[in-house]
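Participant: Got a structure for you, written out below as structure tokens; questions coming shortly.
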Amino acid sequence: MLTTTLPAHATYYSGGMSSPKFNVKYVGVNNTYVHLFDDARSRWNKTTSTGVSIGKSSSAVASMTAGRYRATWYGLYTPSYGAFKIQVNARTLERDSGSNFTKWIASTSTHELGHGLSLNDNPRNSYPSLMKHSRDRTTVYAPQSYDIREVRRIY
């Protein structure tokens, strides 16, 4: 019989960066997305006592982009050898967000950067979390106390 036990904190994501300090570059996005992605980085950079410093550099290996993808996801984080690619799906966000399109982009892009900080989706607890798919994307677009505690714990 095979059994599995989960650690007390099951929010760690092994596809994240090895440090809370890294750079990203934006690929193929207009000024609106540049501003929204800058705000997402800023929301993480303003967290206290986490050591998070997400910079922007055209030579970064990690990237963020946006497009109108046929898939049903809002955002997609793909890790790759010490880097990652974040894709934000404008098609599904526009379809589902109503008049809250920019708030949903803010929530999605900040959530995806959370994966870069080694946070997994859907932590199994009752705490509010940016990493939960069930969050209200209209009001939860910044790291919550739980997310911040987890980044501190991981790094």
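Residue numbering restarts at 1 in every chain; chains get A, B, ... in the order shown in the structure tokens, and ligands count up from 1 in that same order.
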Find the spatial neighbours of A:Pro123, counting only C-alpha atoms, within a cut-off of 10 Å - ignore same-chain residues fewer than 3 positions away - and output them as a list in words.

Facilitator: His9, Ala10, Thr11, Tyr12, Leu119, Asn120, Ser126, Tyr127, Pro128, Ser129, Leu130, Met131, Lys132, His133, Tyr146 and Asp147 of chain A

Participant: Would you list, as a ChimeraX atom specification, the residues of stretch 8-144 of chain A that end up in alpha helix (DSSP H) under DSSP run on this structure's backbone?

Facilitator: /A:31-45,90-97,101-116

Participant: Just the selected residues (C-alpha atoms), exported as a PDB file, in the first residue's frame, please.

Facilitator:
ATOM      1  CA  ASN A  31       1.724  50.215 -22.915  1.00  0.00           C
ATOM      2  CA  THR A  32      -1.443  49.170 -21.074  1.00  0.00           C
ATOM      3  CA  TYR A  33       0.045  45.768 -20.276  1.00  0.00           C
ATOM      4  CA  VAL A  34       3.446  47.282 -19.469  1.00  0.00           C
ATOM      5  CA  HIS A  35       1.718  49.411 -16.828  1.00  0.00           C
ATOM      6  CA  LEU A  36      -0.337  46.463 -15.475  1.00  0.00           C
ATOM      7  CA  PHE A  37       2.728  44.170 -15.343  1.00  0.00           C
ATOM      8  CA  ASP A  38       4.739  46.927 -13.614  1.00  0.00           C
ATOM      9  CA  ASP A  39       1.954  47.208 -11.030  1.00  0.00           C
ATOM     10  CA  ALA A  40       1.983  43.424 -10.485  1.00  0.00           C
ATOM     11  CA  ARG A  41       5.729  43.506  -9.816  1.00  0.00           C
ATOM     12  CA  SER A  42       5.244  46.482  -7.504  1.00  0.00           C
ATOM     13  CA  ARG A  43       2.576  44.689  -5.462  1.00  0.00           C
ATOM     14  CA  TRP A  44       5.058  41.894  -4.720  1.00  0.00           C
ATOM     15  CA  ASN A  45       8.004  44.271  -4.231  1.00  0.00           C
ATOM     16  CA  ALA A  90      -6.872  38.581 -22.761  1.00  0.00           C
ATOM     17  CA  ARG A  91      -9.588  36.592 -24.550  1.00  0.00           C
ATOM     18  CA  THR A  92     -10.856  34.683 -21.501  1.00  0.00           C
ATOM     19  CA  LEU A  93     -10.294  37.602 -19.132  1.00  0.00           C
ATOM     20  CA  GLU A  94     -12.326  39.901 -21.374  1.00  0.00           C
ATOM     21  CA  ARG A  95     -15.037  37.266 -21.745  1.00  0.00           C
ATOM     22  CA  ASP A  96     -15.456  36.623 -17.999  1.00  0.00           C
ATOM     23  CA  SER A  97     -14.540  39.882 -16.236  1.00  0.00           C
ATOM     24  CA  PHE A 101     -11.113  43.688 -17.070  1.00  0.00           C
ATOM     25  CA  THR A 102      -8.082  45.570 -15.709  1.00  0.00           C
ATOM     26  CA  LYS A 103      -8.665  44.307 -12.146  1.00  0.00           C
ATOM     27  CA  TRP A 104      -8.784  40.735 -13.441  1.00  0.00           C
ATOM     28  CA  ILE A 105      -5.546  41.284 -15.385  1.00  0.00           C
ATOM     29  CA  ALA A 106      -4.003  42.712 -12.200  1.00  0.00           C
ATOM     30  CA  SER A 107      -5.127  39.690 -10.186  1.00  0.00           C
ATOM     31  CA  THR A 108      -3.958  37.236 -12.843  1.00  0.00           C
ATOM     32  CA  SER A 109      -0.532  38.753 -13.482  1.00  0.00           C
ATOM     33  CA  THR A 110       0.217  39.142  -9.754  1.00  0.00           C
ATOM     34  CA  HIS A 111      -0.961  35.535  -9.185  1.00  0.00           C
ATOM     35  CA  GLU A 112       1.349  34.241 -11.937  1.00  0.00           C
ATOM     36  CA  LEU A 113       4.321  36.094 -10.444  1.00  0.00           C
ATOM     37  CA  GLY A 114       3.447  34.259  -7.221  1.00  0.00           C
ATOM     38  CA  HIS A 115       4.412  31.040  -9.013  1.00  0.00           C
ATOM     39  CA  GLY A 116       7.791  32.639  -9.736  1.00  0.00           C
TER      40      GLY A 116
END

Participant: When DSSP works through the backbone of this structure, what residues of chain A end up as strand (DSSP E or B), shown as a PyMOL selection string?

Facilitator: chain A and resi 12+21-26+53-56+62-67+75-80+83-89+119

Participant: Tell me which protein, DNA and RNA residues are within 8 Å of A:Val88, counting only C-alpha atoms, leaving out same-chain ones fewer than 5 positions away, and put them as JSON, numbers by chain.

Facilitator: {"A": [64, 65, 66, 67, 74, 75, 76, 105, 108, 109]}

Participant: Work out how far apart atom CA of A:Ile154 and atom CA of A:Val27 are and give it in Å to one decimal.

Facilitator: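 Result for atom CA of A:Ile154 versus atom CA of A:Val27: 28.6 Å, one decimal.
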
Participant: Could you list, as number ranges by chain, every residue within 6 Å of A:Lys25, counting only C-alpha atoms and ignoring same-chain residues fewer than 5 positions away?

Facilitator: A: 56-58, 60, 63
